[in-house]
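This is data_38.cif. It holds mmCIF, N, CA and C atoms.
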```cif
data_model
#
loop_
_atom_site.label_atom_id
_atom_site.label_comp_id
_atom_site.auth_asym_id
_atom_site.auth_seq_id
_atom_site.Cartn_x
_atom_site.Cartn_y
_atom_site.Cartn_z
N MET A 120 -9.59 -3.87 -11.73
CA MET A 120 -9.10 -2.52 -11.56
C MET A 120 -10.02 -1.48 -12.20
N GLU A 121 -10.84 -1.89 -13.13
CA GLU A 121 -11.69 -0.93 -13.84
C GLU A 121 -12.63 -0.16 -12.93
N ASN A 122 -13.18 -0.85 -11.93
CA ASN A 122 -14.15 -0.17 -11.08
C ASN A 122 -13.54 0.36 -9.77
N THR A 123 -12.22 0.39 -9.68
CA THR A 123 -11.56 0.89 -8.47
C THR A 123 -11.82 2.39 -8.29
N LYS A 124 -12.26 2.73 -7.09
CA LYS A 124 -12.49 4.13 -6.74
C LYS A 124 -11.61 4.58 -5.58
N TYR A 125 -11.17 3.61 -4.77
CA TYR A 125 -10.49 3.94 -3.52
C TYR A 125 -9.27 3.05 -3.36
N ILE A 126 -8.13 3.65 -3.07
CA ILE A 126 -6.89 2.92 -2.85
C ILE A 126 -6.45 3.14 -1.41
N ILE A 127 -6.18 2.05 -0.72
CA ILE A 127 -5.69 2.13 0.65
C ILE A 127 -4.23 1.67 0.63
N VAL A 128 -3.33 2.59 0.91
CA VAL A 128 -1.90 2.27 0.93
C VAL A 128 -1.53 1.89 2.36
N VAL A 129 -1.01 0.68 2.53
CA VAL A 129 -0.57 0.22 3.85
C VAL A 129 0.95 0.33 3.90
N GLN A 130 1.42 1.09 4.88
CA GLN A 130 2.85 1.31 5.06
C GLN A 130 3.32 0.68 6.37
N CYS A 131 4.60 0.34 6.43
CA CYS A 131 5.19 -0.23 7.63
C CYS A 131 5.14 0.80 8.76
N HIS A 132 4.64 0.38 9.89
CA HIS A 132 4.50 1.27 11.05
C HIS A 132 5.88 1.75 11.54
N ILE A 133 6.84 0.84 11.57
CA ILE A 133 8.17 1.20 12.06
C ILE A 133 8.86 2.17 11.10
N VAL A 134 8.79 1.88 9.81
CA VAL A 134 9.39 2.77 8.82
C VAL A 134 8.71 4.13 8.85
N LYS A 135 7.41 4.14 9.04
CA LYS A 135 6.65 5.39 9.03
C LYS A 135 7.05 6.32 10.18
N GLU A 136 7.70 5.79 11.19
CA GLU A 136 8.19 6.63 12.28
C GLU A 136 9.26 7.60 11.81
N ARG A 137 9.95 7.25 10.70
CA ARG A 137 10.98 8.16 10.19
C ARG A 137 10.71 8.61 8.77
N CYS A 138 9.79 7.96 8.08
CA CYS A 138 9.52 8.27 6.67
C CYS A 138 8.22 9.08 6.56
N SER A 139 8.29 10.15 5.82
CA SER A 139 7.10 11.01 5.65
C SER A 139 6.09 10.43 4.67
N GLY A 140 6.51 9.46 3.87
CA GLY A 140 5.62 8.91 2.85
C GLY A 140 5.62 9.73 1.56
N TYR A 141 6.49 10.72 1.51
CA TYR A 141 6.55 11.62 0.36
C TYR A 141 6.69 10.88 -0.98
N PHE A 142 7.64 9.95 -1.04
CA PHE A 142 7.89 9.29 -2.32
C PHE A 142 6.74 8.35 -2.73
N CYS A 143 6.06 7.74 -1.77
CA CYS A 143 4.88 6.93 -2.11
C CYS A 143 3.79 7.82 -2.69
N GLU A 144 3.56 8.96 -2.06
CA GLU A 144 2.54 9.89 -2.56
C GLU A 144 2.93 10.42 -3.93
N LYS A 145 4.19 10.76 -4.10
CA LYS A 145 4.69 11.27 -5.38
C LYS A 145 4.51 10.21 -6.48
N SER A 146 4.82 8.97 -6.16
CA SER A 146 4.64 7.88 -7.13
C SER A 146 3.18 7.73 -7.51
N PHE A 147 2.28 7.86 -6.53
CA PHE A 147 0.86 7.79 -6.87
C PHE A 147 0.47 8.95 -7.79
N HIS A 148 0.87 10.14 -7.40
CA HIS A 148 0.51 11.33 -8.18
C HIS A 148 1.02 11.24 -9.62
N GLU A 149 2.24 10.71 -9.79
CA GLU A 149 2.84 10.59 -11.12
C GLU A 149 2.49 9.28 -11.81
N ARG A 150 1.81 8.39 -11.10
CA ARG A 150 1.40 7.07 -11.62
C ARG A 150 2.60 6.28 -12.14
N ASP A 151 3.65 6.22 -11.32
CA ASP A 151 4.78 5.37 -11.68
C ASP A 151 5.00 4.34 -10.59
N GLY A 152 5.98 3.48 -10.78
CA GLY A 152 6.23 2.42 -9.81
C GLY A 152 5.02 1.52 -9.69
N GLY A 153 4.67 1.18 -8.48
CA GLY A 153 3.53 0.30 -8.23
C GLY A 153 2.19 0.89 -8.61
N PHE A 154 2.15 2.18 -8.86
CA PHE A 154 0.89 2.85 -9.21
C PHE A 154 0.71 3.03 -10.72
N SER A 155 1.64 2.51 -11.51
CA SER A 155 1.57 2.73 -12.95
C SER A 155 0.34 2.08 -13.60
N ILE A 156 -0.27 1.13 -12.94
CA ILE A 156 -1.45 0.45 -13.47
C ILE A 156 -2.71 1.34 -13.44
N TYR A 157 -2.71 2.36 -12.58
CA TYR A 157 -3.87 3.22 -12.44
C TYR A 157 -3.85 4.32 -13.50
N PRO A 158 -4.92 4.47 -14.26
CA PRO A 158 -4.91 5.48 -15.33
C PRO A 158 -4.85 6.91 -14.79
N ASN A 159 -4.15 7.76 -15.51
CA ASN A 159 -4.01 9.17 -15.14
C ASN A 159 -5.31 9.95 -15.29
N ASP A 160 -6.14 9.52 -16.17
CA ASP A 160 -7.36 10.29 -16.47
C ASP A 160 -8.53 9.92 -15.55
N LYS A 161 -8.28 9.11 -14.55
CA LYS A 161 -9.34 8.71 -13.62
C LYS A 161 -9.01 9.22 -12.22
N HIS A 162 -10.04 9.69 -11.52
CA HIS A 162 -9.87 10.19 -10.15
C HIS A 162 -9.97 9.02 -9.17
N PHE A 163 -9.04 8.97 -8.22
CA PHE A 163 -9.06 7.96 -7.17
C PHE A 163 -8.96 8.65 -5.83
N ARG A 164 -9.65 8.10 -4.85
CA ARG A 164 -9.43 8.52 -3.47
C ARG A 164 -8.32 7.64 -2.92
N VAL A 165 -7.46 8.21 -2.08
CA VAL A 165 -6.33 7.47 -1.52
C VAL A 165 -6.27 7.72 -0.02
N ASN A 166 -6.04 6.66 0.72
CA ASN A 166 -5.89 6.76 2.17
C ASN A 166 -4.63 6.00 2.55
N TYR A 167 -3.80 6.60 3.37
CA TYR A 167 -2.55 5.98 3.82
C TYR A 167 -2.72 5.55 5.28
N ILE A 168 -2.47 4.27 5.55
CA ILE A 168 -2.51 3.76 6.92
C ILE A 168 -1.23 2.96 7.17
N THR A 169 -0.96 2.69 8.42
CA THR A 169 0.16 1.80 8.73
C THR A 169 -0.41 0.44 9.12
N CYS A 170 0.48 -0.53 9.17
CA CYS A 170 0.09 -1.89 9.55
C CYS A 170 -0.26 -1.96 11.04
N GLY A 171 0.12 -0.95 11.80
CA GLY A 171 -0.14 -0.94 13.24
C GLY A 171 1.04 -1.45 14.05
N GLY A 172 2.09 -1.87 13.38
CA GLY A 172 3.27 -2.41 14.07
C GLY A 172 3.28 -3.92 13.98
N CYS A 173 4.43 -4.48 14.26
CA CYS A 173 4.60 -5.94 14.17
C CYS A 173 3.64 -6.61 15.15
N CYS A 174 2.94 -7.50 14.74
CA CYS A 174 2.96 -8.42 13.62
C CYS A 174 2.02 -8.01 12.46
N GLY A 175 1.44 -6.83 12.54
CA GLY A 175 0.54 -6.37 11.49
C GLY A 175 -0.92 -6.70 11.73
N LYS A 176 -1.22 -7.23 12.89
CA LYS A 176 -2.58 -7.67 13.20
C LYS A 176 -3.61 -6.55 13.12
N ALA A 177 -3.19 -5.31 13.33
CA ALA A 177 -4.11 -4.17 13.27
C ALA A 177 -4.67 -3.93 11.87
N VAL A 178 -4.02 -4.48 10.85
CA VAL A 178 -4.48 -4.28 9.48
C VAL A 178 -5.94 -4.71 9.33
N LEU A 179 -6.30 -5.84 9.87
CA LEU A 179 -7.68 -6.32 9.74
C LEU A 179 -8.66 -5.37 10.40
N ARG A 180 -8.36 -4.92 11.61
CA ARG A 180 -9.26 -3.98 12.30
C ARG A 180 -9.38 -2.67 11.53
N LYS A 181 -8.25 -2.15 11.07
CA LYS A 181 -8.27 -0.87 10.34
C LYS A 181 -9.04 -0.99 9.03
N LEU A 182 -8.79 -2.05 8.29
CA LEU A 182 -9.48 -2.22 7.01
C LEU A 182 -10.97 -2.47 7.21
N SER A 183 -11.32 -3.25 8.21
CA SER A 183 -12.74 -3.51 8.49
C SER A 183 -13.46 -2.22 8.86
N HIS A 184 -12.85 -1.43 9.71
CA HIS A 184 -13.45 -0.15 10.10
C HIS A 184 -13.59 0.77 8.89
N LEU A 185 -12.53 0.89 8.13
CA LEU A 185 -12.53 1.78 6.97
C LEU A 185 -13.55 1.36 5.92
N THR A 186 -13.62 0.07 5.62
CA THR A 186 -14.58 -0.36 4.60
C THR A 186 -16.02 -0.16 5.05
N ARG A 187 -16.29 -0.36 6.33
CA ARG A 187 -17.65 -0.10 6.85
C ARG A 187 -18.01 1.38 6.71
N LYS A 188 -17.09 2.26 7.10
CA LYS A 188 -17.36 3.70 7.04
C LYS A 188 -17.49 4.20 5.61
N ILE A 189 -16.63 3.71 4.72
CA ILE A 189 -16.70 4.12 3.31
C ILE A 189 -18.03 3.71 2.71
N TYR A 190 -18.47 2.51 3.05
CA TYR A 190 -19.75 2.07 2.49
C TYR A 190 -20.92 2.86 3.11
N LYS A 191 -20.90 3.02 4.41
CA LYS A 191 -21.99 3.73 5.10
C LYS A 191 -22.14 5.16 4.61
N HIS A 192 -21.03 5.87 4.44
CA HIS A 192 -21.09 7.29 4.12
C HIS A 192 -21.01 7.61 2.64
N GLU A 193 -20.43 6.70 1.85
CA GLU A 193 -20.24 7.01 0.43
C GLU A 193 -20.71 5.92 -0.52
N LYS A 194 -21.18 4.81 0.05
CA LYS A 194 -21.67 3.67 -0.76
C LYS A 194 -20.58 3.12 -1.68
N ILE A 195 -19.32 3.21 -1.26
CA ILE A 195 -18.21 2.58 -1.99
C ILE A 195 -18.04 1.18 -1.40
N SER A 196 -18.21 0.18 -2.24
CA SER A 196 -18.16 -1.21 -1.76
C SER A 196 -16.76 -1.79 -1.86
N LYS A 197 -16.57 -2.95 -1.26
CA LYS A 197 -15.26 -3.59 -1.23
C LYS A 197 -14.73 -3.89 -2.62
N ASP A 198 -15.61 -4.15 -3.57
CA ASP A 198 -15.13 -4.44 -4.92
C ASP A 198 -14.67 -3.18 -5.66
N GLU A 199 -14.77 -2.02 -5.01
CA GLU A 199 -14.28 -0.76 -5.57
C GLU A 199 -13.03 -0.24 -4.84
N ILE A 200 -12.49 -1.09 -3.96
CA ILE A 200 -11.35 -0.72 -3.13
C ILE A 200 -10.18 -1.67 -3.41
N VAL A 201 -8.97 -1.12 -3.47
CA VAL A 201 -7.75 -1.92 -3.62
C VAL A 201 -6.78 -1.52 -2.52
N VAL A 202 -6.14 -2.50 -1.91
CA VAL A 202 -5.09 -2.25 -0.93
C VAL A 202 -3.76 -2.33 -1.66
N GLN A 203 -2.94 -1.31 -1.48
CA GLN A 203 -1.62 -1.25 -2.11
C GLN A 203 -0.60 -1.36 -0.99
N LEU A 204 0.15 -2.47 -0.96
CA LEU A 204 1.18 -2.65 0.06
C LEU A 204 2.43 -1.88 -0.35
N SER A 205 2.92 -1.03 0.53
CA SER A 205 4.04 -0.15 0.20
C SER A 205 5.33 -0.93 -0.03
N SER A 206 6.20 -0.32 -0.79
CA SER A 206 7.49 -0.95 -1.09
C SER A 206 8.32 -1.17 0.16
N CYS A 207 8.15 -0.35 1.19
CA CYS A 207 8.91 -0.55 2.43
C CYS A 207 8.52 -1.85 3.11
N MET A 208 7.37 -2.39 2.76
CA MET A 208 6.93 -3.68 3.31
C MET A 208 7.28 -4.84 2.39
N THR A 209 7.20 -4.61 1.09
CA THR A 209 7.28 -5.71 0.13
C THR A 209 8.66 -5.94 -0.47
N LYS A 210 9.58 -4.99 -0.26
CA LYS A 210 10.91 -5.11 -0.85
C LYS A 210 11.99 -4.76 0.18
N ASP A 211 13.10 -5.44 0.07
CA ASP A 211 14.27 -5.09 0.85
C ASP A 211 14.76 -3.73 0.37
N ASN A 212 15.00 -2.80 1.29
CA ASN A 212 15.38 -1.45 0.89
C ASN A 212 16.18 -0.77 1.99
N TYR A 213 16.56 0.48 1.78
CA TYR A 213 17.41 1.16 2.76
C TYR A 213 16.68 1.44 4.08
N HIS A 214 15.35 1.46 4.07
CA HIS A 214 14.61 1.62 5.33
C HIS A 214 14.76 0.39 6.21
N SER A 215 14.58 -0.76 5.56
CA SER A 215 14.56 -2.02 6.32
C SER A 215 14.47 -3.20 5.37
N PRO A 216 14.65 -4.40 5.89
CA PRO A 216 14.40 -5.58 5.06
C PRO A 216 12.89 -5.71 4.79
N LYS A 217 12.55 -6.56 3.84
CA LYS A 217 11.15 -6.87 3.55
C LYS A 217 10.46 -7.30 4.84
N CYS A 218 9.20 -6.97 4.99
CA CYS A 218 8.44 -7.30 6.20
C CYS A 218 8.40 -8.80 6.43
N VAL A 219 8.78 -9.22 7.62
CA VAL A 219 8.77 -10.64 7.96
C VAL A 219 7.35 -11.16 8.18
N HIS A 220 6.39 -10.24 8.33
CA HIS A 220 5.00 -10.63 8.55
C HIS A 220 4.14 -10.44 7.30
N LEU A 221 4.77 -10.26 6.15
CA LEU A 221 4.05 -9.93 4.92
C LEU A 221 2.98 -10.96 4.56
N ASP A 222 3.31 -12.23 4.63
CA ASP A 222 2.32 -13.25 4.28
C ASP A 222 1.11 -13.21 5.21
N TYR A 223 1.35 -12.98 6.49
CA TYR A 223 0.27 -12.86 7.46
C TYR A 223 -0.61 -11.65 7.15
N ILE A 224 0.01 -10.54 6.82
CA ILE A 224 -0.74 -9.31 6.48
C ILE A 224 -1.58 -9.53 5.23
N LYS A 225 -1.03 -10.22 4.25
CA LYS A 225 -1.79 -10.54 3.03
C LYS A 225 -3.02 -11.38 3.37
N GLU A 226 -2.86 -12.34 4.28
CA GLU A 226 -4.00 -13.17 4.70
C GLU A 226 -5.06 -12.32 5.39
N LEU A 227 -4.64 -11.36 6.20
CA LEU A 227 -5.60 -10.48 6.87
C LEU A 227 -6.35 -9.62 5.86
N ILE A 228 -5.67 -9.16 4.83
CA ILE A 228 -6.32 -8.36 3.79
C ILE A 228 -7.34 -9.22 3.05
N LYS A 229 -6.98 -10.45 2.74
CA LYS A 229 -7.93 -11.38 2.10
C LYS A 229 -9.13 -11.62 3.01
N ARG A 230 -8.88 -11.78 4.31
CA ARG A 230 -9.96 -12.00 5.27
C ARG A 230 -10.91 -10.80 5.31
N ALA A 231 -10.36 -9.61 5.08
CA ALA A 231 -11.18 -8.39 5.03
C ALA A 231 -11.98 -8.32 3.72
N GLY A 232 -11.68 -9.24 2.79
CA GLY A 232 -12.42 -9.29 1.53
C GLY A 232 -11.94 -8.30 0.49
N LEU A 233 -10.67 -7.95 0.57
CA LEU A 233 -10.13 -6.94 -0.33
C LEU A 233 -8.98 -7.50 -1.18
N PRO A 234 -8.86 -7.02 -2.41
CA PRO A 234 -7.70 -7.39 -3.22
C PRO A 234 -6.51 -6.52 -2.82
N TYR A 235 -5.33 -6.99 -3.14
CA TYR A 235 -4.14 -6.18 -2.84
C TYR A 235 -3.16 -6.24 -4.01
N ARG A 236 -2.33 -5.23 -4.04
CA ARG A 236 -1.23 -5.15 -4.99
C ARG A 236 0.02 -4.84 -4.18
N GLU A 237 1.18 -5.19 -4.72
CA GLU A 237 2.43 -4.96 -4.00
C GLU A 237 3.25 -3.86 -4.65
N GLY A 238 3.81 -3.01 -3.82
CA GLY A 238 4.76 -1.99 -4.26
C GLY A 238 4.14 -0.63 -4.48
N THR A 239 4.91 0.38 -4.17
CA THR A 239 4.51 1.77 -4.39
C THR A 239 5.62 2.42 -5.20
N ARG A 240 6.60 2.97 -4.54
CA ARG A 240 7.73 3.62 -5.22
C ARG A 240 8.78 2.58 -5.57
N ILE A 241 9.31 2.68 -6.78
CA ILE A 241 10.42 1.84 -7.19
C ILE A 241 11.67 2.73 -7.26
N ASN A 242 12.53 2.61 -6.28
CA ASN A 242 13.73 3.42 -6.18
C ASN A 242 14.81 2.83 -7.08
N LYS A 243 15.38 3.66 -7.95
CA LYS A 243 16.40 3.19 -8.89
C LYS A 243 17.64 2.65 -8.18
N LYS A 244 18.08 3.33 -7.16
CA LYS A 244 19.26 2.89 -6.41
C LYS A 244 19.00 1.53 -5.75
N ALA A 245 17.82 1.37 -5.16
CA ALA A 245 17.47 0.10 -4.52
C ALA A 245 17.38 -1.03 -5.55
N GLU A 246 16.85 -0.73 -6.74
CA GLU A 246 16.78 -1.73 -7.81
C GLU A 246 18.18 -2.15 -8.23
N GLU A 247 19.11 -1.20 -8.32
CA GLU A 247 20.51 -1.52 -8.64
C GLU A 247 21.10 -2.44 -7.57
N ARG A 248 20.84 -2.13 -6.32
CA ARG A 248 21.36 -2.94 -5.22
C ARG A 248 20.74 -4.34 -5.20
N ARG A 249 19.47 -4.45 -5.59
CA ARG A 249 18.85 -5.77 -5.72
C ARG A 249 19.53 -6.56 -6.83
N ALA A 250 19.79 -5.91 -7.95
CA ALA A 250 20.46 -6.58 -9.09
C ALA A 250 21.88 -7.02 -8.71
N GLN A 251 22.54 -6.26 -7.84
CA GLN A 251 23.90 -6.59 -7.41
C GLN A 251 23.90 -7.64 -6.28
N GLY A 252 22.73 -7.95 -5.74
CA GLY A 252 22.63 -8.91 -4.65
C GLY A 252 22.85 -8.31 -3.28
N ILE A 253 22.98 -6.97 -3.21
CA ILE A 253 23.16 -6.31 -1.92
C ILE A 253 21.86 -6.37 -1.13
N TYR A 254 20.75 -6.13 -1.81
CA TYR A 254 19.43 -6.27 -1.22
C TYR A 254 18.80 -7.54 -1.77
N ASN A 255 18.03 -8.20 -0.93
CA ASN A 255 17.23 -9.32 -1.40
C ASN A 255 16.04 -8.78 -2.15
N ARG A 256 15.35 -9.58 -2.88
CA ARG A 256 14.16 -9.16 -3.63
C ARG A 256 13.12 -8.76 -2.67
#
```
In structure tokens, write the structure found in this file.
Amino acid sequence: MENTKYIIVVQCHIVKERCSGYFCEKSFHERDGGFSIYPNDKHFRVNYITCGGCCGKAVLRKLSHLTRKIYKHEKISKDEIVVQLSSCMTKDNYHSPKCVHLDYIKELIKRAGLPYREGTRINKKAEERRAQGIYNR
């Protein structure tokens, strides 16, 4: 994480049809939830993309294109990039259940040669519902 310069947030394509992404961006800006690991005193570039829709196969094409362009134009290499999988994909929540293609998407990210982290915004109400067993983990 020390040499991270660029964060690519992957969001569920279906959820993104109704979600503005406001809370994911807010969590990044405030460095809470899944973004709490990133220091406040360091500047990061952030790009938000969707998985492309079920089954998530577009992730590999999008990441490959993006990493080539970032390197060509800015000399930012893959070891300076982290993929952050959004909470709408990694956790059961009010938008939808956890992504059924999550393991496949993780494999595609690995194939692109990039590390990934899970989670963006941690919603207190959703965490309560997970603790009560209403939502699965």
Exercise for the section: Measure the distance from atom N of Pro158 in chain A to atom N of Ser139 in chain A in Å and round it to one decimal. Expected result: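 Interatomic distance, atom N of Pro158 in chain A to atom N of Ser139 in chain A: 24.7 Å.
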Once the PyMOL selection byres ((chain A and resi 173) around 8) has been evaluated on this model, what residues remain selected, and can you format them as an MDAnalysis selection string? chainID A and resid 131:133 170:172 174:177 220
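Nearest to Gly232 in chain A of all the residues A:Thr186, A:Ser215, A:Thr209, A:Gln251 is A:Thr186, based on only C-alpha atoms.
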Near-Ala231 in chain A list (6.5 Å; only N, CA and C atoms; drop same-chain fewer than 3 positions) as a VMD selection string | chain A and resid 179 182 to 183 226 to 228
Those same residues - N, CA and C atoms - I'd like them written as a short mmCIF file (atom, residue, chain, number, x, y, z; two decimals), in the frame of the given file.
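And here is the file that came out, result_28.cif:
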```cif
data_model
loop_
_atom_site.label_atom_id
_atom_site.label_comp_id
_atom_site.auth_asym_id
_atom_site.auth_seq_id
_atom_site.Cartn_x
_atom_site.Cartn_y
_atom_site.Cartn_z
N LEU A 179 -6.30 -5.84 9.87
CA LEU A 179 -7.68 -6.32 9.74
C LEU A 179 -8.66 -5.37 10.40
N LEU A 182 -8.79 -2.05 8.29
CA LEU A 182 -9.48 -2.22 7.01
C LEU A 182 -10.97 -2.47 7.21
N SER A 183 -11.32 -3.25 8.21
CA SER A 183 -12.74 -3.51 8.49
C SER A 183 -13.46 -2.22 8.86
N GLU A 226 -2.86 -12.34 4.28
CA GLU A 226 -4.00 -13.17 4.70
C GLU A 226 -5.06 -12.32 5.39
N LEU A 227 -4.64 -11.36 6.20
CA LEU A 227 -5.60 -10.48 6.87
C LEU A 227 -6.35 -9.62 5.86
N ILE A 228 -5.67 -9.16 4.83
CA ILE A 228 -6.32 -8.36 3.79
C ILE A 228 -7.34 -9.22 3.05
#
```
Quick one: DSSP helix (DSSP H, G or I) residues in chain A, as JSON, numbers by chain?
-> {"A": [132, 133, 134, 135, 141, 142, 143, 144, 145, 146, 147, 148, 149, 152, 153, 154, 177, 178, 179, 180, 181, 182, 183, 184, 185, 186, 187, 188, 189, 190, 191, 192, 193, 197, 198, 199, 206, 207, 208, 209, 221, 222, 223, 224, 225, 226, 227, 228, 229, 230, 243, 244, 245, 246, 247, 248, 249, 250, 251]}
Restricting the calculation to all atoms listed in the file: of A:Met208, A:Ile200, A:Ile168, A:Val219, which residue gets closest to Thr123 in chain A?
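Between A:Met208, A:Ile200, A:Ile168, A:Val219, the residue approaching Thr123 in chain A most closely is A:Ile200.
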Expected selection from the PyMOL selection byres ((chain A and resi 151-153) around 6), given as a PDB file with N, CA and C atoms, in the coordinates of the input:
```pdb
ATOM      1  N   SER A 146       4.820   8.970  -6.160  1.00  0.00           N
ATOM      2  CA  SER A 146       4.640   7.880  -7.130  1.00  0.00           C
ATOM      3  C   SER A 146       3.180   7.730  -7.510  1.00  0.00           C
ATOM      4  N   PHE A 147       2.280   7.860  -6.530  1.00  0.00           N
ATOM      5  CA  PHE A 147       0.860   7.790  -6.870  1.00  0.00           C
ATOM      6  C   PHE A 147       0.470   8.950  -7.790  1.00  0.00           C
ATOM      7  N   HIS A 148       0.870  10.140  -7.400  1.00  0.00           N
ATOM      8  CA  HIS A 148       0.510  11.330  -8.180  1.00  0.00           C
ATOM      9  C   HIS A 148       1.020  11.240  -9.620  1.00  0.00           C
ATOM     10  N   GLU A 149       2.240  10.710  -9.790  1.00  0.00           N
ATOM     11  CA  GLU A 149       2.840  10.590 -11.120  1.00  0.00           C
ATOM     12  C   GLU A 149       2.490   9.280 -11.810  1.00  0.00           C
ATOM     13  N   ARG A 150       1.810   8.390 -11.100  1.00  0.00           N
ATOM     14  CA  ARG A 150       1.400   7.070 -11.620  1.00  0.00           C
ATOM     15  C   ARG A 150       2.600   6.280 -12.140  1.00  0.00           C
ATOM     16  N   PHE A 154       2.150   2.180  -8.860  1.00  0.00           N
ATOM     17  CA  PHE A 154       0.890   2.850  -9.210  1.00  0.00           C
ATOM     18  C   PHE A 154       0.710   3.030 -10.720  1.00  0.00           C
ATOM     19  N   SER A 155       1.640   2.510 -11.510  1.00  0.00           N
ATOM     20  CA  SER A 155       1.570   2.730 -12.950  1.00  0.00           C
ATOM     21  C   SER A 155       0.340   2.080 -13.600  1.00  0.00           C
ATOM     22  N   ILE A 156      -0.270   1.130 -12.940  1.00  0.00           N
ATOM     23  CA  ILE A 156      -1.450   0.450 -13.470  1.00  0.00           C
ATOM     24  C   ILE A 156      -2.710   1.340 -13.440  1.00  0.00           C
ATOM     25  N   GLU A 237       1.180  -5.190  -4.720  1.00  0.00           N
ATOM     26  CA  GLU A 237       2.430  -4.960  -4.000  1.00  0.00           C
ATOM     27  C   GLU A 237       3.250  -3.860  -4.650  1.00  0.00           C
ATOM     28  N   GLY A 238       3.810  -3.010  -3.820  1.00  0.00           N
ATOM     29  CA  GLY A 238       4.760  -1.990  -4.260  1.00  0.00           C
ATOM     30  C   GLY A 238       4.140  -0.630  -4.480  1.00  0.00           C
ATOM     31  N   THR A 239       4.910   0.380  -4.170  1.00  0.00           N
ATOM     32  CA  THR A 239       4.510   1.770  -4.390  1.00  0.00           C
ATOM     33  C   THR A 239       5.620   2.420  -5.200  1.00  0.00           C
ATOM     34  N   ARG A 240       6.600   2.970  -4.540  1.00  0.00           N
ATOM     35  CA  ARG A 240       7.730   3.620  -5.220  1.00  0.00           C
ATOM     36  C   ARG A 240       8.780   2.580  -5.570  1.00  0.00           C
ATOM     37  N   ILE A 241       9.310   2.680  -6.780  1.00  0.00           N
ATOM     38  CA  ILE A 241      10.420   1.840  -7.190  1.00  0.00           C
ATOM     39  C   ILE A 241      11.670   2.730  -7.260  1.00  0.00           C
TER      40      ILE A 241
END
```
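Nearest to Lys197 in chain A of all the residues A:Tyr167, A:Arg249, A:Asp222, A:Leu233 is A:Leu233, counting only N, CA and C atoms.
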Quiz item: What is the CA of Asp160 in chain A-CA of Tyr125 in chain A distance in Å, reported with one decimal?
Solution: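 For CA of Asp160 in chain A relative to CA of Tyr125 in chain A, the distance reads 14.8 Å.
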Exercise. Suppose you want the space between CA of Lys217 in chain A and CA of Tyr157 in chain A; what is it in Å?
Worked result: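 Between CA of Lys217 in chain A and CA of Tyr157 in chain A the gap works out to 24.1 Å.
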- Considering all atoms listed in the file, state which residue in the set A:Tyr141, A:Val202, A:Ile189, A:Arg180 is at the smallest distance from Val128 in chain A.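 Using all atoms listed in the file, the shortest distance to Val128 in chain A belongs to A:Val202.
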| field | Residue set, chain A restricted to strand (DSSP E or B), as a PyMOL selection string | value | chain A and resi 125-130+164-169+200-204+235-237
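Closest to Lys124 in chain A among A:Gln203, A:Asn159, A:Thr169, A:Ser196 is A:Ser196, based on only C-alpha atoms.
Distance annotation: of A:Val134, A:Arg248, A:Lys145, A:Arg236, the residue with the minimal separation from Leu204 in chain A is A:Arg236; atom set is only N, CA and C atoms.
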Name every residue that the PyMOL selection byres (((chain A and resi 211 and name CA) around 6) and name CA) selects in this structure, writing the answer as a VMD selection string with chains first and numbers rising.
-> chain A and resid 210 212 216 to 217 254 to 255
